[in-house]
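These notes concern the structure reproduced below.
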Amino acid sequence: MSAAPRGLRALALAALFSLTGCASLGWSWDKWWSDVKLPDFPAFDEYTESPKSYVEIALEHDFLVRVKPWERAVLARHDMAFDPDELEAARRSHTFFSKEATMPGGSAGGGGCGCN
Amino acid sequence: MRNTAAPVRAGLPALVILATLAFWLAPGRALAVDAGQPAPSFSAHALDGDSTLSLGAYKGKVVFLDFWASWCGPCQTAMPLIESLRNEFPADQFQVLAVNVDQDPQKAKAFLSRRKVGYPSVSDPEGRLPATYGLKTMPTSYLIDRNGVVRAVHPGFRASDLDGLRAQIRALIGTPPVPAAAEAKR
């Protein structure tokens, strides 16, 4: 045991504590894994075991399709926007650049002198 | 001697993958209907009933063919303005035909019940017509002359576009239709 490097021993201890800690809270890796919801994708099980590359899988399933302009109904939804709430986004931006003392906050590089 | 071909060979699979992706994602260019080309004719179900509307029935009139969807913001701006444009010209000279591309036609019907327009819409939930016309953006409208030839493609819509459209329609209405005999010769 004494032959093991100190870093490795610390890592092993950390792993042990994290596992036992989880177990003491009634939460184990097995349970975690069983709770994970896999995507509703019929061929998912097939591909988790297959040696195919992501590119091959993507090409087989038409993942790389261009959304046509007339197919953007879902993308046009309010909750699909980068900033669904414009007012909230403006408030955050204002708070950010006030704190950082830069102008404009977040949209341009600056040294923080307040002069740019 | 150094093997100079090795880096090239190593880069080849990456190049093949990139080329494949570029091909896959390349926009369809050749299919778009442009000014000067005959408007592809179609027949489709009317949005508000069982009747069938066809573009061919409008031959002899200037037609404003408008592609719209209930989820498309500029379409909401455009529709009342297109309606006002339609009312400015006599019905035997100028007609508006709209193509709705909502995948759920009920949404389009609900939209039209809130914003009533006098011109008819056909429903194309599968998106066959916009694919035929090669739409690049929503909304897009096509100004078709009396002989069924596309004279102008109008992508997008702003309220300020109305004057330009009015002038184009006026110019097309002023153009007499080509007589059938002359057209057969073409």
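Going by the structure tokens order, chains are called A, B, ..., each with residues numbered from 1, while ligands are numbered from 1 in the order shown.
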| task | Residues of chain A near chain B: apply a cut-off of 8 Å, count only C-alpha atoms, and supply the list as a PyMOL selection string. | result | chain A and resi 64-66+68-71+73+76-77
Restrict the selected residues to all heavy atoms and save them as an mmCIF file, in the first residue's frame.
```cif
data_model
loop_
_atom_site.group_PDB
_atom_site.id
_atom_site.type_symbol
_atom_site.label_atom_id
_atom_site.label_comp_id
_atom_site.auth_asym_id
_atom_site.auth_seq_id
_atom_site.Cartn_x
_atom_site.Cartn_y
_atom_site.Cartn_z
ATOM 1 N N LEU A 64 -28.815 14.563 -40.509
ATOM 2 C CA LEU A 64 -28.213 15.754 -41.070
ATOM 3 C C LEU A 64 -29.107 16.309 -42.177
ATOM 4 O O LEU A 64 -28.727 16.348 -43.321
ATOM 5 C CB LEU A 64 -26.829 15.420 -41.634
ATOM 6 C CG LEU A 64 -25.810 15.010 -40.590
ATOM 7 C CD1 LEU A 64 -24.570 14.478 -41.252
ATOM 8 C CD2 LEU A 64 -25.473 16.182 -39.720
ATOM 9 N N VAL A 65 -30.301 16.660 -41.826
ATOM 10 C CA VAL A 65 -31.182 17.245 -42.838
ATOM 11 C C VAL A 65 -31.264 18.737 -42.591
ATOM 12 O O VAL A 65 -31.185 19.198 -41.464
ATOM 13 C CB VAL A 65 -32.608 16.644 -42.802
ATOM 14 C CG1 VAL A 65 -32.594 15.229 -43.296
ATOM 15 C CG2 VAL A 65 -33.207 16.739 -41.427
ATOM 16 N N ARG A 66 -31.398 19.468 -43.672
ATOM 17 C CA ARG A 66 -31.609 20.906 -43.536
ATOM 18 C C ARG A 66 -33.078 21.131 -43.281
ATOM 19 O O ARG A 66 -33.913 20.606 -44.001
ATOM 20 C CB ARG A 66 -31.222 21.609 -44.832
ATOM 21 C CG ARG A 66 -29.743 21.771 -45.006
ATOM 22 C CD ARG A 66 -29.470 22.335 -46.354
ATOM 23 N NE ARG A 66 -29.894 23.715 -46.444
ATOM 24 C CZ ARG A 66 -29.116 24.746 -46.130
ATOM 25 N NH1 ARG A 66 -27.889 24.540 -45.719
ATOM 26 N NH2 ARG A 66 -29.547 25.973 -46.240
ATOM 27 N N LYS A 68 -36.160 22.989 -43.832
ATOM 28 C CA LYS A 68 -36.557 23.891 -44.911
ATOM 29 C C LYS A 68 -37.299 25.100 -44.333
ATOM 30 O O LYS A 68 -37.853 25.015 -43.238
ATOM 31 C CB LYS A 68 -37.454 23.139 -45.882
ATOM 32 C CG LYS A 68 -36.907 21.775 -46.290
ATOM 33 C CD LYS A 68 -36.497 21.757 -47.692
ATOM 34 C CE LYS A 68 -35.922 20.448 -48.159
ATOM 35 N NZ LYS A 68 -35.991 19.286 -47.283
ATOM 36 N N PRO A 69 -37.323 26.187 -45.073
ATOM 37 C CA PRO A 69 -37.954 27.393 -44.524
ATOM 38 C C PRO A 69 -39.402 27.175 -44.105
ATOM 39 O O PRO A 69 -39.869 27.800 -43.158
ATOM 40 C CB PRO A 69 -37.874 28.391 -45.676
ATOM 41 C CG PRO A 69 -36.765 27.935 -46.521
ATOM 42 C CD PRO A 69 -36.694 26.453 -46.381
ATOM 43 N N TRP A 70 -40.095 26.287 -44.815
ATOM 44 C CA TRP A 70 -41.510 26.078 -44.502
ATOM 45 C C TRP A 70 -41.707 25.015 -43.430
ATOM 46 O O TRP A 70 -42.824 24.654 -43.113
ATOM 47 C CB TRP A 70 -42.287 25.713 -45.763
ATOM 48 C CG TRP A 70 -41.754 24.526 -46.500
ATOM 49 C CD1 TRP A 70 -42.142 23.225 -46.329
ATOM 50 C CD2 TRP A 70 -40.741 24.506 -47.495
ATOM 51 N NE1 TRP A 70 -41.444 22.411 -47.154
ATOM 52 C CE2 TRP A 70 -40.573 23.161 -47.901
ATOM 53 C CE3 TRP A 70 -39.955 25.489 -48.094
ATOM 54 C CZ2 TRP A 70 -39.641 22.795 -48.868
ATOM 55 C CZ3 TRP A 70 -39.039 25.105 -49.055
ATOM 56 C CH2 TRP A 70 -38.889 23.790 -49.433
ATOM 57 N N GLU A 71 -40.603 24.491 -42.900
ATOM 58 C CA GLU A 71 -40.716 23.462 -41.855
ATOM 59 C C GLU A 71 -40.312 24.003 -40.482
ATOM 60 O O GLU A 71 -39.982 23.234 -39.588
ATOM 61 C CB GLU A 71 -39.803 22.282 -42.203
ATOM 62 C CG GLU A 71 -40.200 21.551 -43.456
ATOM 63 C CD GLU A 71 -39.175 20.518 -43.885
ATOM 64 O OE1 GLU A 71 -38.017 20.593 -43.418
ATOM 65 O OE2 GLU A 71 -39.525 19.669 -44.697
ATOM 66 N N ALA A 73 -41.919 25.511 -38.119
ATOM 67 C CA ALA A 73 -42.994 25.794 -37.172
ATOM 68 C C ALA A 73 -42.513 25.628 -35.738
ATOM 69 O O ALA A 73 -42.772 26.472 -34.881
ATOM 70 C CB ALA A 73 -44.178 24.883 -37.452
ATOM 71 N N ALA A 76 -39.921 28.226 -34.754
ATOM 72 C CA ALA A 76 -40.475 29.574 -34.623
ATOM 73 C C ALA A 76 -41.183 29.766 -33.289
ATOM 74 O O ALA A 76 -41.610 30.873 -32.983
ATOM 75 C CB ALA A 76 -41.449 29.841 -35.766
ATOM 76 N N ARG A 77 -41.274 28.673 -32.521
ATOM 77 C CA ARG A 77 -41.982 28.800 -31.241
ATOM 78 C C ARG A 77 -41.229 29.725 -30.292
ATOM 79 O O ARG A 77 -40.009 29.802 -30.317
ATOM 80 C CB ARG A 77 -42.124 27.417 -30.598
ATOM 81 C CG ARG A 77 -43.463 26.798 -30.858
ATOM 82 C CD ARG A 77 -43.542 25.359 -30.498
ATOM 83 N NE ARG A 77 -42.748 24.975 -29.343
ATOM 84 C CZ ARG A 77 -42.566 23.729 -28.962
ATOM 85 N NH1 ARG A 77 -43.104 22.758 -29.645
ATOM 86 N NH2 ARG A 77 -41.825 23.446 -27.917
#
```
| task | Name the residues in contact with B:Leu162 at a cut-off of 12 Å, using only C-alpha atoms, excluding same-chain residues fewer than 2 positions from it; report them as a VMD selection string. | result | chain B and resid 77 to 86 88 154 156 to 160 164 to 169
Quick one: residues within 6 Å of B:Phe94, only C-alpha atoms counted, chain neighbours fewer than 3 positions away excluded, as a compact mmCIF listing (two decimals) with N, CA and C atoms, in the first residue's frame?
```txt
# COMPACT_ATOMS: atom_id res chain seq x y z
N LYS B 61 -55.34 36.31 -65.65
CA LYS B 61 -55.30 37.36 -64.62
C LYS B 61 -53.90 37.43 -64.03
N VAL B 62 -53.59 38.58 -63.49
CA VAL B 62 -52.33 38.70 -62.76
C VAL B 62 -52.55 38.07 -61.38
N VAL B 63 -51.66 37.17 -60.98
CA VAL B 63 -51.85 36.43 -59.72
C VAL B 63 -50.70 36.74 -58.76
N ALA B 91 -61.27 42.50 -59.73
CA ALA B 91 -61.10 41.05 -59.55
C ALA B 91 -60.87 40.31 -60.86
```
